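Asks: run23.txt (compact mmCIF, C-alpha atoms and all ligand atoms) pasted underneath:
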# COMPACT_ATOMS: atom_id res chain seq x y z
CA MET A 25 57.08 105.05 162.95
CA ILE A 26 59.71 106.60 165.21
CA VAL A 27 62.24 104.84 167.38
CA VAL A 28 62.90 106.70 170.63
CA MET A 29 66.34 105.77 171.97
CA GLN A 30 67.32 105.62 175.65
CA SER A 31 68.95 108.87 176.77
CA ASP A 32 72.29 107.15 177.47
CA CYS A 33 72.40 105.14 174.22
CA GLY A 34 75.65 105.12 172.24
CA GLU A 35 76.62 105.18 168.56
CA LYS A 36 76.71 101.37 168.46
CA GLU A 37 73.04 101.03 169.42
CA ILE A 38 72.03 103.69 166.91
CA ALA A 39 73.99 101.96 164.16
CA ARG A 40 72.34 98.66 165.03
CA VAL A 41 68.86 100.15 164.60
CA GLN A 42 69.90 101.78 161.32
CA GLU A 43 71.32 98.49 160.01
CA HIS A 44 68.14 96.65 160.94
CA LEU A 45 66.09 99.19 159.01
CA GLU A 46 68.36 98.95 155.97
CA ARG A 47 68.08 95.17 155.95
CA LYS A 48 64.31 95.60 155.73
CA GLY A 49 64.59 98.04 152.85
CA LEU A 50 63.77 101.06 155.02
CA ARG A 51 65.65 104.24 155.94
CA GLY A 52 66.28 105.78 159.34
CA HIS A 53 66.52 109.56 159.79
CA LEU A 54 68.46 110.38 162.94
CA SER A 55 67.53 113.38 165.07
CA ARG A 56 69.80 113.92 168.05
CA GLY A 57 68.67 116.40 170.69
CA ALA A 58 69.82 117.34 174.18
CA GLU A 59 66.76 115.65 175.63
CA ARG A 60 66.08 112.81 173.26
CA THR A 61 67.45 110.94 170.29
CA VAL A 62 64.95 109.57 167.80
CA ILE A 63 65.19 107.71 164.54
CA GLY A 64 62.37 108.36 162.09
CA VAL A 65 61.56 105.34 159.96
CA VAL A 66 60.86 106.15 156.35
CA GLY A 67 59.42 103.68 153.85
CA GLN A 68 56.75 100.99 153.84
CA VAL A 69 56.60 99.86 157.46
CA PHE A 70 55.00 96.51 158.35
CA PRO A 71 53.25 95.44 161.58
CA GLU A 72 56.04 93.16 162.93
CA LEU A 73 58.61 95.93 162.69
CA GLN A 74 57.53 97.51 165.97
CA ASP A 75 58.30 94.30 167.93
CA GLU A 76 61.57 93.76 166.07
CA LEU A 77 62.82 97.25 166.92
CA GLU A 78 61.58 97.34 170.50
CA VAL A 79 63.87 94.47 171.55
CA LEU A 80 67.06 96.03 170.15
CA PRO A 81 69.53 97.35 172.74
CA GLY A 82 69.29 101.07 173.52
CA VAL A 83 65.68 101.39 172.30
CA ARG A 84 63.25 102.97 174.78
CA GLU A 85 60.06 102.80 172.74
CA VAL A 86 58.72 102.58 169.23
CA VAL A 87 55.87 104.95 168.39
CA ARG A 88 53.68 104.60 165.33
CA ILE A 89 52.85 107.82 163.49
CA SER A 90 49.52 107.61 161.80
CA ARG A 91 50.01 110.75 159.70
CA PRO A 92 51.16 110.16 156.12
CA TYR A 93 53.99 112.67 156.48
CA LYS A 94 56.67 111.69 158.97
CA LEU A 95 59.79 113.85 158.85
CA ALA A 96 57.67 117.01 158.68
CA SER A 97 55.64 116.07 161.75
CA VAL A 98 55.96 117.33 165.32
CA GLU A 99 55.86 113.72 166.46
CA PHE A 100 59.18 113.15 164.71
CA GLU A 101 60.73 116.47 165.70
CA PRO A 102 59.08 118.38 168.54
CA ARG A 103 61.72 121.14 168.51
CA PRO A 104 61.14 123.96 166.02
CA THR A 105 63.41 123.85 162.98
CA VAL A 106 65.51 127.00 162.66
CA VAL A 107 66.81 127.78 159.18
CA HIS A 108 69.97 129.91 159.08
CA VAL A 109 70.94 132.12 156.14
CA GLY A 110 73.85 134.46 156.82
CA ASN A 111 73.08 136.07 160.17
CA VAL A 112 69.34 135.53 159.80
CA ALA A 113 67.54 132.78 161.74
CA ILE A 114 64.13 131.80 160.37
CA GLY A 115 61.94 130.03 162.89
CA GLY A 116 64.08 131.08 165.85
CA GLY A 117 61.50 133.35 167.46
CA GLU A 118 62.13 136.58 165.53
CA LEU A 119 59.85 137.76 162.73
CA VAL A 120 61.91 137.69 159.50
CA VAL A 121 60.74 139.93 156.68
CA MET A 122 61.72 139.05 153.11
CA ALA A 123 60.95 141.84 150.68
CA GLY A 124 61.67 143.00 147.16
CA PRO A 125 60.17 143.13 143.71
CA CYS A 126 58.05 140.37 142.24
CA ALA A 127 60.48 140.18 139.31
CA VAL A 128 63.99 141.46 138.80
CA GLU A 129 63.64 144.03 136.00
CA THR A 130 66.77 146.19 135.96
CA GLU A 131 69.86 146.64 138.09
CA GLU A 132 68.64 150.04 139.22
CA GLN A 133 65.14 148.78 140.10
CA LEU A 134 66.56 145.92 142.16
CA LEU A 135 69.30 147.89 143.90
CA SER A 136 67.08 150.82 144.87
CA THR A 137 64.50 148.37 146.25
CA ALA A 138 67.17 146.39 148.11
CA ARG A 139 68.48 149.56 149.77
CA ALA A 140 64.97 150.74 150.69
CA VAL A 141 63.77 147.45 152.17
CA LYS A 142 67.01 147.03 154.11
CA ALA A 143 66.73 150.53 155.55
CA ALA A 144 63.15 149.72 156.63
CA GLY A 145 64.27 146.54 158.43
CA ALA A 146 63.85 143.69 155.93
CA GLN A 147 66.39 140.91 156.44
CA VAL A 148 66.17 139.02 153.15
CA LEU A 149 65.86 140.31 149.56
CA ARG A 150 63.35 138.62 147.25
CA GLY A 151 63.15 138.90 143.45
CA GLY A 152 62.21 136.51 140.68
CA ALA A 153 64.53 135.79 137.76
CA PHE A 154 62.50 132.80 136.52
CA LYS A 155 58.84 133.78 136.70
CA PRO A 156 55.94 131.31 136.50
CA ARG A 157 53.31 133.29 134.57
CA THR A 158 49.78 132.21 133.77
CA SER A 159 50.12 133.57 130.23
CA PRO A 160 53.17 132.71 128.12
CA TYR A 161 53.00 136.25 126.70
CA SER A 162 53.61 137.92 130.08
CA PHE A 163 57.09 138.96 131.25
CA ARG A 164 58.73 135.69 132.29
CA GLY A 165 61.82 137.08 133.98
CA LEU A 166 65.40 137.86 133.00
CA GLY A 167 66.66 134.34 133.72
CA PRO A 168 70.44 134.07 134.35
CA ASP A 169 70.90 137.87 133.93
CA GLY A 170 68.41 138.39 136.75
CA LEU A 171 70.36 135.97 138.95
CA LYS A 172 73.52 138.03 138.38
CA MET A 173 71.69 141.20 139.42
CA LEU A 174 70.52 139.47 142.60
CA ALA A 175 74.10 138.49 143.38
CA ALA A 176 75.20 142.10 142.84
CA ALA A 177 72.46 143.34 145.18
CA HIS A 178 73.62 140.85 147.79
CA GLN A 179 77.19 142.03 147.31
CA GLU A 180 76.22 145.63 147.95
CA THR A 181 73.69 145.27 150.75
CA GLY A 182 74.73 142.01 152.42
CA LEU A 183 71.08 140.87 152.35
CA PRO A 184 70.63 137.13 151.79
CA ILE A 185 68.67 136.34 148.62
CA ILE A 186 65.55 134.27 147.96
CA THR A 187 64.57 133.51 144.38
CA GLU A 188 62.41 130.97 142.59
CA VAL A 189 63.65 127.91 140.73
CA MET A 190 61.14 126.46 138.29
CA ALA A 191 62.85 123.49 136.69
CA PRO A 192 64.90 120.58 138.05
CA GLN A 193 67.71 121.27 135.56
CA ASP A 194 68.07 124.86 136.88
CA VAL A 195 68.54 123.94 140.55
CA GLU A 196 72.32 123.82 140.31
CA LEU A 197 72.57 127.18 138.54
CA VAL A 198 70.09 129.01 140.78
CA SER A 199 71.74 127.55 143.91
CA GLN A 200 74.97 129.32 142.97
CA TYR A 201 73.29 132.74 143.15
CA THR A 202 70.77 132.45 145.93
CA ASP A 203 70.68 131.69 149.63
CA ILE A 204 67.15 130.26 149.65
CA LEU A 205 65.50 128.38 146.79
CA GLN A 206 61.83 129.25 146.38
CA ILE A 207 59.36 126.68 145.07
CA GLY A 208 56.35 128.52 143.73
CA ALA A 209 52.72 127.65 144.36
CA ARG A 210 52.29 126.22 140.86
CA ASN A 211 55.20 123.87 141.39
CA MET A 212 54.31 122.62 144.87
CA GLN A 213 53.57 119.20 143.44
CA ASN A 214 56.27 119.14 140.78
CA PHE A 215 57.76 116.02 142.28
CA SER A 216 60.90 115.88 140.18
CA LEU A 217 61.66 119.48 141.21
CA LEU A 218 61.03 118.59 144.87
CA ASP A 219 63.39 115.61 144.55
CA GLU A 220 66.06 117.85 143.06
CA VAL A 221 65.89 120.55 145.75
CA GLY A 222 65.88 117.74 148.31
CA LYS A 223 69.46 117.08 147.18
CA ALA A 224 70.46 120.77 147.28
CA ARG A 225 72.43 122.33 150.10
CA ASN A 226 70.42 125.59 150.13
CA PRO A 227 67.35 125.98 152.31
CA VAL A 228 64.07 125.72 150.42
CA MET A 229 60.91 127.80 150.84
CA LEU A 230 57.89 125.79 149.71
CA LYS A 231 54.82 127.83 148.87
CA ARG A 232 51.37 126.36 149.29
CA GLY A 233 49.77 125.13 146.07
CA LEU A 234 46.72 126.98 144.75
CA SER A 235 44.37 124.25 145.93
CA ALA A 236 46.53 122.26 148.29
CA THR A 237 45.29 120.93 151.61
CA TYR A 238 47.62 121.10 154.60
CA GLU A 239 48.29 117.40 154.12
CA ASP A 240 49.16 117.80 150.41
CA TRP A 241 51.50 120.62 151.37
CA LEU A 242 53.25 118.72 154.18
CA LEU A 243 53.64 115.69 151.93
CA ALA A 244 55.31 117.94 149.35
CA ALA A 245 57.66 119.12 152.14
CA GLU A 246 58.23 115.46 152.97
CA TYR A 247 59.68 114.92 149.47
CA ILE A 248 62.36 117.54 150.19
CA LEU A 249 63.04 116.33 153.73
CA SER A 250 63.28 112.70 152.73
CA GLY A 251 65.72 113.67 149.98
CA GLY A 252 68.07 114.77 152.76
CA ASN A 253 67.44 118.53 152.88
CA ARG A 254 66.13 119.39 156.34
CA GLN A 255 66.07 123.16 155.82
CA VAL A 256 62.53 123.66 154.65
CA ILE A 257 60.35 126.74 155.22
CA LEU A 258 56.62 126.76 154.44
CA CYS A 259 54.84 129.80 153.03
CA GLU A 260 51.08 130.39 153.03
CA ARG A 261 50.24 132.51 149.98
CA GLY A 262 46.49 132.15 149.68
CA ILE A 263 44.34 129.56 147.99
CA ARG A 264 41.72 129.54 145.25
CA THR A 265 38.17 130.02 146.47
CA PHE A 266 34.94 131.29 144.88
CA GLU A 267 35.78 134.85 145.97
CA THR A 268 36.98 137.05 143.13
CA TYR A 269 37.48 140.40 144.88
CA THR A 270 40.88 139.23 146.08
CA ARG A 271 43.38 137.40 143.87
CA ASN A 272 43.48 134.50 146.35
CA THR A 273 41.96 133.90 149.77
CA PHE A 274 44.64 134.20 152.41
CA ASP A 275 44.16 131.33 154.86
CA ILE A 276 45.06 132.77 158.24
CA SER A 277 44.25 129.47 160.01
CA ALA A 278 47.10 127.83 158.14
CA ILE A 279 49.54 129.46 160.55
CA PRO A 280 48.23 128.07 163.88
CA VAL A 281 47.23 124.75 162.27
CA LEU A 282 50.69 124.14 160.82
CA ARG A 283 52.25 125.18 164.10
CA LYS A 284 50.39 122.21 165.61
CA LEU A 285 51.29 119.75 162.87
CA THR A 286 54.88 120.58 161.96
CA HIS A 287 58.20 121.84 163.32
CA LEU A 288 58.99 123.72 160.10
CA PRO A 289 59.01 127.55 160.05
CA ILE A 290 55.89 129.18 158.58
CA LEU A 291 55.95 132.35 156.53
CA ALA A 292 53.04 134.42 155.24
CA ASP A 293 52.81 136.10 151.83
CA PRO A 294 50.02 138.69 151.99
CA SER A 295 51.02 140.09 148.56
CA HIS A 296 49.95 137.02 146.58
CA GLY A 297 47.44 136.20 149.31
CA THR A 298 45.39 139.30 148.48
CA GLY A 299 46.60 140.68 145.13
CA LYS A 300 45.88 144.28 146.18
CA TRP A 301 48.45 146.59 147.75
CA HIS A 302 46.00 148.17 150.19
CA LEU A 303 45.19 144.75 151.69
CA VAL A 304 48.80 143.72 152.18
CA THR A 305 49.43 145.55 155.46
CA PRO A 306 46.23 144.47 157.27
CA VAL A 307 46.81 140.81 156.32
CA ALA A 308 50.52 141.08 157.23
CA LEU A 309 49.48 142.34 160.67
CA ALA A 310 46.98 139.50 161.08
CA ALA A 311 49.60 136.92 160.06
CA THR A 312 52.06 138.43 162.52
CA ALA A 313 49.48 138.22 165.30
CA ALA A 314 48.67 134.62 164.30
CA GLY A 315 52.29 133.68 164.94
CA ALA A 316 53.98 133.62 161.52
CA ASP A 317 57.77 133.27 161.59
CA GLY A 318 58.11 135.78 158.80
CA LEU A 319 56.56 137.69 155.93
CA LEU A 320 57.20 137.77 152.18
CA ILE A 321 56.30 141.18 150.76
CA GLU A 322 56.46 142.56 147.22
CA VAL A 323 57.91 146.07 146.96
CA HIS A 324 58.58 148.14 143.82
CA PRO A 325 60.02 151.64 143.28
CA ASN A 326 57.08 152.47 141.03
CA PRO A 327 54.33 149.83 141.17
CA ASP A 328 52.38 151.49 138.33
CA VAL A 329 55.02 150.46 135.80
CA ALA A 330 56.03 147.10 137.32
CA LEU A 331 56.39 144.31 134.77
CA CYS A 332 54.80 141.87 137.17
CA ASP A 333 52.32 142.14 140.07
CA GLY A 334 52.28 145.95 140.32
CA ALA A 335 48.77 145.94 141.80
CA GLN A 336 49.94 144.12 144.90
CA SER A 337 53.35 145.79 145.24
CA LEU A 338 54.03 148.33 147.99
CA THR A 339 55.87 151.59 147.42
CA PHE A 340 58.95 152.16 149.58
CA GLU A 341 56.93 154.50 151.76
CA ASN A 342 54.12 152.00 152.29
CA PHE A 343 56.59 149.23 153.02
CA GLU A 344 58.25 151.36 155.67
CA ARG A 345 54.85 151.99 157.25
CA LEU A 346 54.08 148.25 157.16
CA MET A 347 57.33 147.53 158.97
CA ARG A 348 56.54 150.01 161.72
CA GLN A 349 53.06 148.56 162.24
CA VAL A 350 54.28 144.97 162.13
CA THR A 351 56.91 145.77 164.75
CA ALA A 352 54.22 147.24 167.01
CA VAL A 353 52.01 144.14 166.68
CA ARG A 354 54.99 141.89 167.22
CA LYS A 355 55.77 143.60 170.53
CA VAL A 356 52.27 142.87 171.80
CA THR A 357 52.14 139.23 170.61
CA ALA A 358 55.61 138.49 171.96
CA GLN A 359 54.34 139.48 175.41
CA MET A 360 51.32 137.22 174.96
CA ALA A 361 53.55 134.29 174.09
CA VAL A 362 55.51 134.83 177.33
CA SER A 363 52.42 135.01 179.54
CA ARG A 364 50.63 132.06 177.91
C1 LIG B 1 56.29 134.80 143.82
O1 LIG B 1 56.46 134.81 145.05
O2 LIG B 1 56.93 135.51 143.07
C2 LIG B 1 55.25 133.93 143.22
C3 LIG B 1 55.23 133.68 141.92
O3 LIG B 1 54.37 133.46 144.11
P1 LIG B 1 53.36 132.19 144.03
O4 LIG B 1 54.19 131.03 143.59
O5 LIG B 1 52.89 132.09 145.44
O6 LIG B 1 52.28 132.57 143.08
MN MN B 2 54.55 138.16 142.35
Would you kindly transcribe this structure into structure tokens?
Ligand code: PEP
Ligand code: MN

Replies:
Amino acid sequence: MIVVMQSDCGEKEIARVQEHLERKGLRGHLSRGAERTVIGVVGQVFPELQDELEVLPGVREVVRISRPYKLASVEFEPRPTVVHVGNVAIGGGELVVMAGPCAVETEEQLLSTARAVKAAGAQVLRGGAFKPRTSPYSFRGLGPDGLKMLAAAHQETGLPIITEVMAPQDVELVSQYTDILQIGARNMQNFSLLDEVGKARNPVMLKRGLSATYEDWLLAAEYILSGGNRQVILCERGIRTFETYTRNTFDISAIPVLRKLTHLPILADPSHGTGKWHLVTPVALAATAAGADGLLIEVHPNPDVALCDGAQSLTFENFERLMRQVTAVRKVTAQMAVSR
């Protein structure tokens, strides 16, 4: 349920609605815009609530939202959410490319990649220090040492950092070293982790679970939003299907569908979405054309010896080519958006 306030309503009227909600054991999330002020009601709403709220001073109308997710919905917030990290705006109309190795391996590997992706036009550096691996015997990341290397790479290049946090107890530590907290596909429904990053001050990028529906995914985002963190980015990274040629099946429809359902920025990860380096550029181009707000791309100085995901990692040269092609597609689709 959302409470749409009259355009000239004051603080007193807003407070009165909030107090009413609190008395009923509910919470109100205020969204103040130039054109409208709304209060999203979160909790177990009951049928009489609509009448009770409609008669309060300053209230224009009360609209019921039938979707199970509220704060993530376009009904609650029709304006696109723009997430700011440093000078980078994600969801603000530009295509933001986040690139770097799957895992941080050495200082040299990370720094050389950071320099190369920056020179090619990437705006955010990715790299995992805590790696969720299917097998416990695979390389599971450098942990805190990897975080320090990411901070050093940020220091040198100025690129904001995105890195994964896997456990609720690590959120505080990882937040000190990164600009964006990444929640991996395998943890999309780790509800205690979602609660914890909901309390964090860093933006969060929530990857789609391996077999998550759009609704599952948006409800996972709702955990973070309802915890008080409004800076959430979604990332389509492919889902499990019966196809085995590709590592996952990249769901291109996710981009326009989510655009309809939510105000949150939507990124595409064609690296995990395909699992093969030669498929990364074509799928990145398709995602760009479909309207993604950004791309997450794995890049390695020498993919053949990568400790993690070498098969899907681009060389510096291939990444540079991807960037040129993506920029060309972007120019065309930006014109289409204007003439639509
Ligand atoms: C990653 O981006 O490094 C990663 C592990 O991706 P996913 O969670 O999508 O598998
Ligand atoms: Mn990877």

Asks: Which residue gives the smallest distance to Ile204 (chain A) among A:Gly115, A:Gly233, A:Gly299, A:Gly110, with all atoms listed in the file counted?

Replies: A:Gly110

Asks: Using all atoms listed in the file, which residue out of A:Val128, A:Val141, A:Val79, A:Ala113 lies closest to ligand LIG 1 (chain B)?

Replies: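 Ranking A:Val128, A:Val141, A:Val79, A:Ala113 by distance to ligand LIG 1 (chain B), first place goes to A:Val128.
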
Asks: Please list, as an MDAnalysis selection string, the residues that have an atom at most 10 Å away from (64.0, 102.3, 153.7) in the coordinates of this file, counting all atoms listed in the file.

Replies: chainID A and resid 42 45:53 65:69

Asks: Just give me the gap between CA of Leu242 (chain A) and CA of Pro92 (chain A) in Å, one decimal is fine.

Replies: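 CA of Leu242 (chain A) sits 9.0 Å away from CA of Pro92 (chain A).
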
Asks: So what do you get for CA of Cys126 (chain A) versus atom O2 of ligand LIG 1 (chain B), distance-wise?

Replies: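 One can read the CA of Cys126 (chain A) to atom O2 of ligand LIG 1 (chain B) distance as 5.1 Å.
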
Asks: Sorted by chain and rising residue number, list the residues of chain A at most 6 Å from ligand LIG 1 (chain B) (counting all atoms listed in the file), each with its closest atom pair and distance in Å to one decimal, as JSON lines.

Replies:
{"residue": "A:Cys126", "atom": "CA", "partner": "B:LIG1", "partner_atom": "O2", "distance": 5.1}
{"residue": "A:Gly152", "atom": "CA", "partner": "B:LIG1", "partner_atom": "O2", "distance": 5.9}
{"residue": "A:Pro156", "atom": "CA", "partner": "B:LIG1", "partner_atom": "C3", "distance": 6.0}
{"residue": "A:Gly208", "atom": "CA", "partner": "B:LIG1", "partner_atom": "O4", "distance": 3.3}
{"residue": "A:Ala209", "atom": "CA", "partner": "B:LIG1", "partner_atom": "O4", "distance": 3.8}
{"residue": "A:Arg210", "atom": "CA", "partner": "B:LIG1", "partner_atom": "O4", "distance": 5.8}
{"residue": "A:Lys231", "atom": "CA", "partner": "B:LIG1", "partner_atom": "O5", "distance": 5.8}
{"residue": "A:Arg261", "atom": "CA", "partner": "B:LIG1", "partner_atom": "O5", "distance": 5.3}
{"residue": "A:His296", "atom": "CA", "partner": "B:LIG1", "partner_atom": "O5", "distance": 5.9}

Asks: Taking 6 positions as the minimum chain separation for residues in the same chain, which residues sit within 10 Å of Ala244 (chain A) when counting all atoms listed in the file? Answer as a PyMOL selection string.

Replies: chain A and resi 93+96+211-215+218-219+230-233+236+238
